[in-house]
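One file, model_26.cif, carrying mmCIF, C-alpha atoms and all ligand atoms:
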```cif
data_coords
loop_
_atom_site.label_atom_id
_atom_site.label_comp_id
_atom_site.auth_asym_id
_atom_site.auth_seq_id
_atom_site.Cartn_x
_atom_site.Cartn_y
_atom_site.Cartn_z
CA VAL A 185 67.66 64.48 106.11
CA SER A 186 70.28 61.82 106.76
CA ALA A 187 71.13 60.97 110.35
CA ALA A 188 73.60 58.43 111.63
CA ARG A 189 75.41 57.45 114.82
CA TYR A 190 79.04 56.39 115.14
CA TRP A 191 81.04 55.12 118.06
CA LEU A 192 84.68 56.22 118.08
CA GLU A 193 86.91 53.84 119.99
CA HIS A 194 89.45 56.63 120.56
CA ALA A 195 89.15 60.25 119.45
CA LEU A 196 91.05 63.52 119.59
CA LEU A 197 88.46 66.09 120.67
CA PRO A 198 89.04 69.83 121.29
CA ALA A 199 89.44 69.09 125.03
CA GLY A 200 91.91 66.26 124.42
CA ALA A 201 92.03 62.51 123.85
CA ALA A 202 88.88 60.56 124.76
CA ASP A 203 87.84 56.89 124.70
CA GLY A 204 84.40 55.64 123.66
CA VAL A 205 82.75 58.66 122.05
CA VAL A 206 79.34 58.60 120.38
CA VAL A 207 78.86 61.11 117.58
CA GLU A 208 75.56 61.84 115.92
CA VAL A 209 75.63 63.20 112.41
CA ALA A 210 72.74 64.98 110.75
CA ASP A 211 72.69 67.04 107.56
CA GLY A 212 76.46 66.89 107.22
CA ARG A 213 77.20 68.19 110.71
CA PHE A 214 77.84 66.80 114.17
CA ALA A 215 74.56 66.98 116.09
CA ALA A 216 76.05 65.51 119.28
CA VAL A 217 79.48 64.41 120.56
CA ALA A 218 79.55 62.68 123.96
CA PRO A 219 81.09 59.71 125.78
CA GLY A 220 78.91 56.62 125.79
CA PRO A 221 78.48 52.96 124.93
CA PRO A 222 78.32 51.84 121.28
CA ASP A 223 74.71 50.54 121.50
CA GLY A 224 73.65 50.29 117.87
CA ALA A 225 76.13 52.85 116.53
CA GLU A 226 78.52 52.00 113.71
CA ARG A 227 81.91 51.31 115.25
CA LEU A 228 85.02 53.14 114.09
CA SER A 229 87.92 51.24 115.66
CA GLY A 230 91.26 53.01 116.03
CA LEU A 231 92.07 56.68 116.60
CA THR A 232 89.74 59.22 115.03
CA VAL A 233 91.02 62.72 114.29
CA PRO A 234 89.36 65.73 112.61
CA GLY A 235 89.42 66.10 108.81
CA LEU A 236 92.76 67.21 107.38
CA ALA A 237 93.10 70.30 105.18
CA ASN A 238 95.58 70.29 102.31
CA CYS A 239 95.98 74.04 101.86
CA HIS A 240 98.28 74.12 98.85
CA SER A 241 97.79 71.84 95.84
CA HIS A 242 98.65 71.90 92.17
CA ALA A 243 96.80 68.72 91.18
CA PHE A 244 98.56 68.20 87.86
CA HIS A 245 102.04 68.15 89.43
CA ARG A 246 101.18 64.63 90.60
CA ALA A 247 102.07 63.46 87.07
CA LEU A 248 105.71 64.36 87.83
CA ARG A 249 106.17 62.02 90.79
CA GLY A 250 108.95 59.55 90.07
CA ARG A 251 109.86 61.42 86.88
CA THR A 252 111.68 64.47 88.26
CA GLN A 253 113.67 62.82 91.01
CA ALA A 254 116.56 61.66 88.80
CA GLY A 255 119.73 63.66 88.22
CA ARG A 256 120.76 67.03 89.63
CA GLY A 257 119.16 70.44 89.33
CA SER A 258 117.13 72.98 91.28
CA PHE A 259 113.64 74.40 91.58
CA TRP A 260 114.20 75.98 88.17
CA THR A 261 115.12 72.75 86.33
CA TRP A 262 112.16 71.05 88.00
CA ARG A 263 109.95 73.87 86.70
CA THR A 264 110.96 73.07 83.11
CA GLN A 265 109.74 69.51 83.62
CA MET A 266 106.53 70.75 85.22
CA TYR A 267 105.86 72.96 82.19
CA ALA A 268 106.06 69.88 79.94
CA VAL A 269 103.01 68.48 81.75
CA ALA A 270 101.20 71.82 81.71
CA GLU A 271 101.59 71.90 77.92
CA ARG A 272 99.76 68.61 77.49
CA LEU A 273 96.67 69.12 79.63
CA ASP A 274 93.21 69.79 78.25
CA PRO A 275 89.94 70.05 80.20
CA ASP A 276 89.29 66.33 79.92
CA THR A 277 92.74 65.08 81.00
CA TYR A 278 92.90 67.78 83.69
CA ARG A 279 89.61 66.58 85.22
CA ASP A 280 90.65 62.96 84.95
CA LEU A 281 94.01 63.49 86.64
CA ALA A 282 92.62 65.82 89.32
CA ARG A 283 89.87 63.35 90.20
CA ALA A 284 92.47 60.62 90.77
CA VAL A 285 94.68 62.97 92.82
CA TYR A 286 91.76 64.15 94.95
CA ALA A 287 90.79 60.51 95.51
CA GLU A 288 94.36 59.89 96.69
CA MET A 289 93.92 62.80 99.12
CA VAL A 290 90.59 61.52 100.48
CA ALA A 291 92.15 58.11 101.07
CA ALA A 292 94.91 59.94 103.00
CA GLY A 293 92.34 61.59 105.32
CA ILE A 294 92.23 64.95 103.56
CA THR A 295 88.70 66.36 103.58
CA ALA A 296 89.37 69.81 102.06
CA VAL A 297 91.87 71.03 99.49
CA GLY A 298 92.99 74.48 98.37
CA GLU A 299 93.77 74.20 94.67
CA PHE A 300 96.13 76.93 93.47
CA HIS A 301 94.89 76.92 89.89
CA TYR A 302 96.66 78.83 87.13
CA LEU A 303 96.24 76.64 84.02
CA HIS A 304 93.38 78.64 82.54
CA HIS A 305 93.66 78.87 78.74
CA GLN A 306 94.38 76.96 75.54
CA PRO A 307 97.96 76.51 74.31
CA GLY A 308 99.05 79.89 72.97
CA GLY A 309 96.82 81.68 75.48
CA THR A 310 93.50 81.81 73.63
CA PRO A 311 90.62 81.40 76.07
CA TYR A 312 88.43 78.34 75.69
CA ASP A 313 84.83 78.92 74.53
CA GLU A 314 83.95 78.54 78.21
CA PRO A 315 86.74 80.66 79.72
CA ASN A 316 86.52 78.83 83.06
CA VAL A 317 86.39 75.31 81.65
CA MET A 318 89.64 74.31 83.39
CA GLY A 319 88.45 75.57 86.80
CA LEU A 320 85.10 73.85 86.27
CA ALA A 321 86.99 70.63 85.50
CA LEU A 322 88.63 70.85 88.94
CA MET A 323 85.26 71.44 90.62
CA GLU A 324 83.85 68.41 88.86
CA ALA A 325 86.89 66.34 89.86
CA ALA A 326 86.47 67.33 93.51
CA ARG A 327 82.77 66.50 93.46
CA GLU A 328 83.47 63.07 92.00
CA ALA A 329 86.23 62.35 94.52
CA GLY A 330 84.13 63.61 97.45
CA ILE A 331 86.52 66.28 98.71
CA ARG A 332 85.68 69.90 99.63
CA LEU A 333 87.43 72.32 97.32
CA THR A 334 88.50 75.92 97.59
CA LEU A 335 89.44 76.84 94.04
CA LEU A 336 92.09 79.54 94.40
CA ASP A 337 91.85 81.08 90.96
CA THR A 338 95.31 82.40 90.32
CA CYS A 339 96.35 85.59 88.59
CA TYR A 340 99.54 85.05 86.53
CA LEU A 341 100.62 87.74 84.09
CA ALA A 342 104.40 87.69 83.64
CA ALA A 343 107.31 85.31 83.05
CA GLY A 344 109.33 87.31 85.55
CA ILE A 345 109.41 90.90 86.72
CA GLY A 346 108.82 93.01 83.58
CA ARG A 347 108.82 90.03 81.18
CA GLU A 348 105.95 88.87 78.97
CA PRO A 349 104.70 85.29 79.44
CA GLU A 350 106.39 82.92 77.04
CA GLY A 351 105.67 79.37 75.88
CA VAL A 352 103.34 77.45 78.14
CA GLN A 353 103.07 80.43 80.48
CA GLN A 354 100.68 81.92 77.91
CA ARG A 355 98.15 79.37 79.11
CA PHE A 356 98.37 80.88 82.60
CA SER A 357 97.88 84.55 81.69
CA ASP A 358 94.65 86.50 81.33
CA GLY A 359 96.65 89.42 79.88
CA ASP A 360 95.82 91.85 82.67
CA ALA A 361 94.22 91.81 86.10
CA GLY A 362 90.96 93.30 84.81
CA ALA A 363 90.52 90.33 82.47
CA TRP A 364 91.41 87.96 85.33
CA GLN A 365 88.69 89.59 87.43
CA ARG A 366 86.05 89.45 84.66
CA ARG A 367 86.73 85.75 84.15
CA VAL A 368 86.64 84.91 87.86
CA ASP A 369 83.44 86.91 88.34
CA GLU A 370 81.78 84.41 85.97
CA LEU A 371 82.96 81.43 88.03
CA ASP A 372 80.26 80.39 90.49
CA ALA A 373 80.93 78.06 93.38
CA THR A 374 79.08 74.75 93.21
CA PRO A 375 77.90 72.85 96.31
CA GLY A 376 80.96 71.70 98.25
CA THR A 377 83.22 74.30 96.67
CA ARG A 378 84.36 77.85 97.31
CA VAL A 379 86.00 80.23 94.89
CA GLY A 380 89.00 82.09 96.27
CA ALA A 381 91.83 84.10 94.72
CA ALA A 382 95.57 83.80 94.41
CA VAL A 383 98.46 85.96 93.33
CA HIS A 384 100.92 83.57 91.73
CA SER A 385 103.97 85.45 93.06
CA VAL A 386 105.68 88.83 92.87
CA ARG A 387 107.56 87.35 89.90
CA ALA A 388 104.37 86.74 87.91
CA VAL A 389 102.14 89.65 88.93
CA PRO A 390 103.10 93.35 88.97
CA PRO A 391 102.15 95.37 92.07
CA PRO A 392 99.15 97.27 90.57
CA ALA A 393 97.64 93.96 89.48
CA ILE A 394 98.40 92.42 92.88
CA ARG A 395 96.43 95.26 94.45
CA LEU A 396 93.44 94.60 92.18
CA VAL A 397 93.36 90.90 93.09
CA ALA A 398 93.59 91.78 96.79
CA GLU A 399 90.71 94.23 96.47
CA TRP A 400 88.63 91.59 94.67
CA ALA A 401 89.28 89.08 97.48
CA ASP A 402 88.34 91.69 100.09
CA ARG A 403 85.10 92.54 98.32
CA SER A 404 84.29 88.88 97.82
CA GLU A 405 85.28 88.02 101.42
CA THR A 406 87.18 85.05 100.13
CA PRO A 407 90.56 83.42 100.86
CA LEU A 408 93.59 84.95 99.14
CA HIS A 409 96.82 82.99 98.71
CA ALA A 410 100.23 83.87 97.27
CA HIS A 411 103.53 82.05 96.78
CA VAL A 412 106.23 84.04 98.53
CA SER A 413 109.99 83.75 99.02
CA GLU A 414 110.31 80.07 98.16
CA GLN A 415 113.61 80.79 96.43
CA ASP A 416 116.51 83.16 97.11
CA ALA A 417 116.44 84.15 93.42
CA GLU A 418 112.91 85.51 93.85
CA ASN A 419 114.06 87.71 96.72
CA GLU A 420 117.06 88.95 94.74
CA GLN A 421 115.01 89.80 91.63
CA CYS A 422 112.34 91.50 93.72
CA LEU A 423 114.84 93.57 95.68
CA ALA A 424 116.57 94.59 92.44
CA ALA A 425 113.32 95.64 90.75
CA TYR A 426 111.39 97.19 93.65
CA GLY A 427 113.92 97.74 96.45
CA ARG A 428 111.64 95.63 98.65
CA THR A 429 111.30 92.00 99.65
CA PRO A 430 108.42 89.94 98.21
CA VAL A 431 106.60 90.07 101.56
CA GLU A 432 106.99 93.87 101.64
CA VAL A 433 105.59 94.12 98.09
CA LEU A 434 102.59 91.97 99.05
CA ALA A 435 102.05 94.00 102.22
CA GLU A 436 102.08 97.31 100.33
CA ALA A 437 99.65 95.94 97.74
CA GLY A 438 97.14 95.06 100.47
CA VAL A 439 97.48 91.30 100.26
CA LEU A 440 98.25 90.48 103.88
CA GLY A 441 95.59 90.04 106.56
CA GLN A 442 93.35 87.52 108.22
CA ARG A 443 91.93 86.02 105.03
CA SER A 444 95.38 85.67 103.45
CA THR A 445 97.91 82.86 103.27
CA ALA A 446 101.60 83.25 102.41
CA VAL A 447 102.69 79.97 100.83
CA HIS A 448 106.25 78.72 101.56
CA ALA A 449 107.57 81.86 103.33
CA THR A 450 110.96 80.17 103.37
CA HIS A 451 113.53 82.97 103.06
CA LEU A 452 112.31 85.82 105.27
CA SER A 453 113.87 88.90 106.84
CA GLY A 454 113.01 89.89 110.39
CA ARG A 455 110.78 92.62 108.99
CA ASP A 456 109.03 90.06 106.73
CA VAL A 457 108.20 87.93 109.77
CA GLU A 458 106.64 90.93 111.53
CA LEU A 459 104.60 91.80 108.44
CA LEU A 460 103.19 88.27 108.28
CA ALA A 461 101.69 88.52 111.80
CA GLY A 462 97.94 88.09 111.35
CA SER A 463 98.21 86.25 108.00
CA TYR A 464 98.40 82.49 107.66
CA THR A 465 101.58 80.84 106.45
CA CYS A 466 101.38 77.57 104.54
CA PHE A 467 104.43 75.32 104.71
CA CYS A 468 104.84 72.44 102.25
CA PRO A 469 107.80 70.61 103.79
CA THR A 470 107.91 67.54 101.55
CA THR A 471 107.90 69.67 98.40
CA GLU A 472 110.34 72.20 99.85
CA ARG A 473 112.55 69.24 100.66
CA ASP A 474 112.14 67.67 97.22
CA LEU A 475 113.02 70.95 95.47
CA GLY A 476 115.85 71.90 97.80
CA ASP A 477 114.12 75.18 98.74
CA GLY A 478 115.27 75.49 102.34
CA ILE A 479 113.62 75.53 105.78
CA GLY A 480 111.31 78.41 106.71
CA PRO A 481 111.08 79.87 110.24
CA SER A 482 107.86 78.11 111.24
CA ARG A 483 108.12 78.58 114.99
CA VAL A 484 109.14 82.23 114.80
CA LEU A 485 106.14 82.90 112.53
CA HIS A 486 103.86 81.11 115.00
CA THR A 487 105.24 83.19 117.86
CA VAL A 488 104.51 86.51 116.13
CA GLY A 489 100.96 85.38 115.35
CA SER A 490 101.00 83.84 111.89
CA PRO A 491 98.94 80.63 112.13
CA LEU A 492 100.58 77.65 110.41
CA THR A 493 98.83 75.59 107.74
CA LEU A 494 100.19 72.76 105.58
CA GLY A 495 100.07 71.69 101.95
CA SER A 496 101.40 68.92 99.74
CA ASP A 497 101.97 71.38 96.86
CA SER A 498 103.74 69.34 94.11
CA HIS A 499 102.47 66.03 95.51
CA ALA A 500 105.90 64.41 95.59
CA VAL A 501 104.22 62.99 98.70
CA VAL A 502 100.51 63.16 99.62
CA ASP A 503 100.62 62.54 103.35
CA LEU A 504 99.66 65.29 105.79
CA PHE A 505 101.02 63.20 108.69
CA GLU A 506 104.44 63.43 107.06
CA GLU A 507 103.99 67.19 106.52
CA MET A 508 103.06 67.67 110.19
CA ARG A 509 106.08 65.93 111.64
CA ALA A 510 108.37 67.45 109.01
CA VAL A 511 107.75 70.92 110.46
CA GLU A 512 109.11 69.84 113.84
CA LEU A 513 111.85 67.59 112.46
CA ASP A 514 113.14 70.32 110.12
CA GLU A 515 113.33 72.71 113.07
CA ARG A 516 115.36 70.10 114.95
CA LEU A 517 117.84 69.82 112.10
CA ALA A 518 118.11 73.59 111.77
CA THR A 519 118.55 74.26 115.50
CA ARG A 520 119.92 70.96 116.85
CA GLN A 521 117.24 71.13 119.56
CA ARG A 522 114.08 69.01 120.02
CA GLY A 523 110.57 70.03 120.97
CA HIS A 524 109.65 73.21 119.10
CA TRP A 525 106.15 72.12 118.10
CA SER A 526 103.83 69.88 120.11
CA ALA A 527 101.83 67.16 118.38
CA ARG A 528 98.59 68.96 119.31
CA GLU A 529 99.82 72.18 117.70
CA LEU A 530 100.80 70.40 114.51
CA LEU A 531 97.49 68.56 114.37
CA GLU A 532 95.68 71.88 114.80
CA ALA A 533 97.69 73.31 111.88
CA ALA A 534 96.65 70.39 109.66
CA THR A 535 92.99 70.44 110.73
CA GLY A 536 91.18 73.44 112.28
CA THR A 537 93.63 76.16 111.20
CA GLY A 538 94.00 74.76 107.70
CA GLN A 539 90.26 74.39 107.22
CA ARG A 540 89.71 77.98 108.42
CA SER A 541 92.33 79.33 106.01
CA LEU A 542 90.39 77.74 103.12
CA GLY A 543 87.18 79.44 104.21
CA PHE A 544 85.78 76.45 106.14
CA GLY A 545 85.87 77.94 109.64
CA ASP A 546 83.16 75.48 110.69
CA ALA A 547 85.36 72.42 110.02
CA GLY A 548 88.38 70.72 111.54
CA ARG A 549 87.01 69.98 115.04
CA ILE A 550 84.96 67.08 116.34
CA GLU A 551 82.32 69.07 118.20
CA PRO A 552 78.58 69.76 117.89
CA GLY A 553 77.69 72.10 115.04
CA ALA A 554 80.91 71.53 113.07
CA ARG A 555 81.02 69.94 109.63
CA ALA A 556 81.07 66.18 110.14
CA ASP A 557 84.57 65.28 108.95
CA LEU A 558 86.24 62.24 110.53
CA VAL A 559 89.48 60.42 109.82
CA THR A 560 90.11 57.10 111.57
CA LEU A 561 93.64 55.72 111.89
CA ASP A 562 94.57 52.09 112.38
CA LEU A 563 96.37 51.69 115.72
CA ALA A 564 97.59 48.18 114.91
CA SER A 565 99.60 48.83 111.74
CA PRO A 566 103.36 48.23 111.58
CA ARG A 567 103.81 51.98 112.12
CA THR A 568 101.30 52.58 114.90
CA ALA A 569 101.18 49.32 116.86
CA GLY A 570 102.07 49.80 120.51
CA CYS A 571 102.14 53.59 120.29
CA GLY A 572 98.93 54.50 122.14
CA ALA A 573 95.87 56.52 121.17
CA THR A 574 97.48 59.95 121.33
CA ALA A 575 98.18 63.01 119.22
CA GLU A 576 101.86 62.00 119.30
CA THR A 577 101.00 58.73 117.54
CA ALA A 578 98.97 60.53 114.87
CA VAL A 579 101.68 63.11 114.19
CA PHE A 580 104.97 61.27 114.75
CA ALA A 581 104.13 57.64 113.90
CA ALA A 582 101.15 57.40 111.56
CA ALA A 583 101.14 57.66 107.78
CA ALA A 584 98.47 58.22 105.15
CA ALA A 585 98.49 54.43 104.62
CA ASP A 586 97.06 54.02 108.15
CA VAL A 587 93.81 55.81 107.29
CA ARG A 588 90.97 53.28 107.49
CA ALA A 589 87.80 55.41 107.40
CA VAL A 590 87.02 58.91 106.13
CA MET A 591 83.91 61.05 106.39
CA VAL A 592 83.50 64.36 104.55
CA ASP A 593 80.54 66.60 105.40
CA GLY A 594 78.73 63.64 106.94
CA VAL A 595 79.27 61.32 103.95
CA ARG A 596 81.38 58.18 104.38
CA ARG A 597 84.01 57.81 101.65
CA GLU A 598 85.45 54.44 100.79
CA VAL A 599 89.19 54.04 101.41
CA GLU A 600 90.28 51.76 98.56
CA PRO A 601 94.04 52.13 97.96
CA GLU A 602 94.07 49.67 95.05
CA LYS A 603 91.34 51.55 93.19
CA VAL A 604 93.08 54.88 93.89
CA GLY A 605 96.34 53.46 92.55
CA ALA A 606 94.72 52.10 89.40
CA ASP A 607 92.98 55.42 88.68
CA LEU A 608 96.22 57.36 89.19
CA ALA A 609 98.19 55.01 86.96
CA ARG A 610 95.64 55.33 84.17
CA ALA A 611 95.30 59.12 84.44
CA VAL A 612 99.06 59.72 84.53
CA ALA A 613 99.79 57.27 81.68
CA ARG A 614 97.14 58.93 79.54
CA LEU A 615 98.89 62.25 79.99
CA TRP A 616 102.34 61.03 78.97
CA GLU A 617 101.25 58.87 76.02
CA ASP A 618 102.47 60.03 72.62
CA ARG A 619 100.00 61.89 70.55
ZN ZN B 701 102.79 76.04 94.71
#
```

Hey, can you dump this file as structure tokens for me?
Amino acid sequence: VSAARYWLEHALLPAGAADGVVVEVADGRFAAVAPGPPDGAERLSGLTVPGLANCHSHAFHRALRGRTQAGRGSFWTWRTQMYAVAERLDPDTYRDLARAVYAEMVAAGITAVGEFHYLHHQPGGTPYDEPNVMGLALMEAAREAGIRLTLLDTCYLAAGIGREPEGVQQRFSDGDAGAWQRRVDELDATPGTRVGAAVHSVRAVPPPAIRLVAEWADRSETPLHAHVSEQDAENEQCLAAYGRTPVEVLAEAGVLGQRSTAVHATHLSGRDVELLAGSYTCFCPTTERDLGDGIGPSRVLHTVGSPLTLGSDSHAVVDLFEEMRAVELDERLATRQRGHWSARELLEAATGTGQRSLGFGDAGRIEPGARADLVTLDLASPRTAGCGATAETAVFAAAAADVRAVMVDGVRREVEPEKVGADLARAVARLWEDR
């Protein structure tokens, strides 16, 4: 049993902003949260917010930052560059890189990550002796970095609608959904992790296989994620093949519902929006911006009852504060009006709602009984000085670089940007070195 007391100078609690809050932590959870004097408690100076959830991650894409931003192109030319990294990874370099990326996330105040994991097999598609060795590498990386992980084991079977996987895509494919299921059934969650499922996209998984993955997730009562309508080309190909939009195909295959998350949801019809009511949507604004995807209808989805979550996806940026404000700022550009999303709503998307969508419904709030996740922001940095201890400061002024203290499940994690940078540099260089 480990018990500890902390005094939060300023905190964003479910009821609103509060000053001078004592929290007691025992066995990884908040035992008490109440106003009071510091007494002997450890002081956390600044503004403390709940733990952030990064709901859409491909850890290895971090190796592309700074390397894919030159020249022209589209999502599809970027994908060619991404495949060059996927070709090089093995279980050891995958764990090494993911550990550094997850450490970057922890230092940015992210306490839980949803890893959309599709790099399963050896080059050429032969399974490793341990068929889940790549997924296990991610679990090990998360444990070492001190972040909670929902491993969204992803079914990927086709290069496009009706096309066999080719080249590096062979590493992604189990051959058929039955083989995907048999492999995932052997993958046991470790402490601090959950195993969930993902359908890569309607491009990569045919409808009968989508249905099987959805049924598996239902039986396993586990989160189910799918990329959907990130690109116009996906919609066009899907309409041509099935006479339905990607969201309609997912709906008919039983994917949508309260355990499900539609990732991107950028190019939607009115009917698509209605179908997504009751499912989560995960927006990844900095990646969607980097790839030139477009701006999804975040507020309309919220209004029909699709709770918003956020992800850093390709990790062009790992900063959930930037993702939060991007949702509102993108709406402003699209509509030429201000004030679609409040700071409290965006913070809820990045904390409680995001955590719930990853299967951690007991996280993302500073209240008794919840998992003890805390993120403390410096209120005297060049970005935050003079702004006040409010949700508006956290969402519209702060950056990941303002995170000074992080707690995950009651355990304090060191925030050491220089060490994080050195680990990232080493892990990325190792991947690109000639062999
Ligand atoms: Zn993605």

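Atom CA of Ala195 of chain A to atom CA of Thr232 of chain A spans 4.6 Å [interatomic distance, one decimal].
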
Problem - Answer as a list in words, residues within 12 Å of (100.7, 83.0, 118.0) using only C-alpha atoms - result: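 Residues close enough to count: Glu458, Leu460, Ala461, Gly462, Ser463, Tyr464, Thr465, Ser482, Arg483, Val484, Leu485, His486, Thr487, Val488, Gly489, Ser490, Pro491, Leu492, Glu529, Ala533 and Thr537 of chain A.
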
Practice task
Enumerate residues in contact with ligand ZN 701 (chain B): an atom-to-atom distance of at most 9 Å, counting only C-alpha atoms and all ligand atoms. Format the result as JSON, numbers by chain.
Solution key: {"A": [240, 241, 242, 300, 384, 410, 411, 447, 448, 468, 471, 495, 496, 497, 498]}

Problem - All residues 9 Å or closer to segment 572-574 of chain A, all atoms listed in the file, same chain fewer than 3 positions away omitted, as a PyMOL selection string - result: chain A and resi 194-196+200-203+230-231+527+563+568-569+577-579

Would you list the contacts of Gly351 of chain A as a PDB file with C-alpha atoms, in the frame of the given file, taking every protein, DNA or RNA residue within 10 Å and counting only C-alpha atoms, but skipping same-chain residues closer than 5 positions in sequence?
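After the write, part13.pdb holds the following:
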```pdb
ATOM      1  CA  TYR A 267     105.860  72.960  82.190  1.00  0.00           C
ATOM      2  CA  GLU A 271     101.590  71.900  77.920  1.00  0.00           C
ATOM      3  CA  PRO A 307      97.960  76.510  74.310  1.00  0.00           C
ATOM      4  CA  GLY A 308      99.050  79.890  72.970  1.00  0.00           C
ATOM      5  CA  GLY A 309      96.820  81.680  75.480  1.00  0.00           C
ATOM      6  CA  ALA A 343     107.310  85.310  83.050  1.00  0.00           C
TER       7      ALA A 343
END
```

Problem - Nearest residue to Gly594 of chain A from the set A:Arg251, A:Arg332, A:His304, A:Arg567 (distances using all atoms listed in the file) - result: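 Smallest separation from Gly594 of chain A among the options: A:Arg332.
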
Practice task
May I have the protein, DNA and RNA residues with an atom at most 7 Å from (102.6, 75.4, 84.7), counting all atoms listed in the file in the file's coordinates, returned as a ChimeraX atom specification?
Solution key: /A:266-267,270,303,352-353

Selection above as a file: C-alpha atoms, as a CSV table (one decimal), in the frame of the given file:
```
chain,number,residue,atom,x,y,z
A,266,MET,CA,106.5,70.8,85.2
A,267,TYR,CA,105.9,73.0,82.2
A,270,ALA,CA,101.2,71.8,81.7
A,303,LEU,CA,96.2,76.6,84.0
A,352,VAL,CA,103.3,77.4,78.1
A,353,GLN,CA,103.1,80.4,80.5
```

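Between atom CA of Gln365 of chain A and atom CA of Arg279 of chain A lies a distance of 23.1 Å.
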
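Pairwise distance (atom CA of Pro222 of chain A, atom CA of Val209 of chain A) equals 14.7 Å.
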
Exercise for the section: Please provide as number ranges by chain all residues within 7 Å of segment 509-523 of chain A, with the sequence filter that same-chain residues fewer than 5 positions apart are discarded (counting only C-alpha atoms). Expected result: A: 469, 479, 579-580

Handout entry: 10 Å contact set for Arg614 of chain A, only C-alpha atoms, chain neighbours under 5 positions out, as a ChimeraX atom specification
Key = /A:277,280-281,608-609,619

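Distance annotation: of A:Gly543, A:Gly330, A:Gly212, A:Pro392, the residue with the minimal separation from Val285 of chain A is A:Gly330; atom set is all atoms listed in the file.
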
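Of the listed residues (A:Val431, A:Leu542, A:Ala556, A:Val379), A:Val431 comes nearest to Leu452 of chain A; the distances count only C-alpha atoms.
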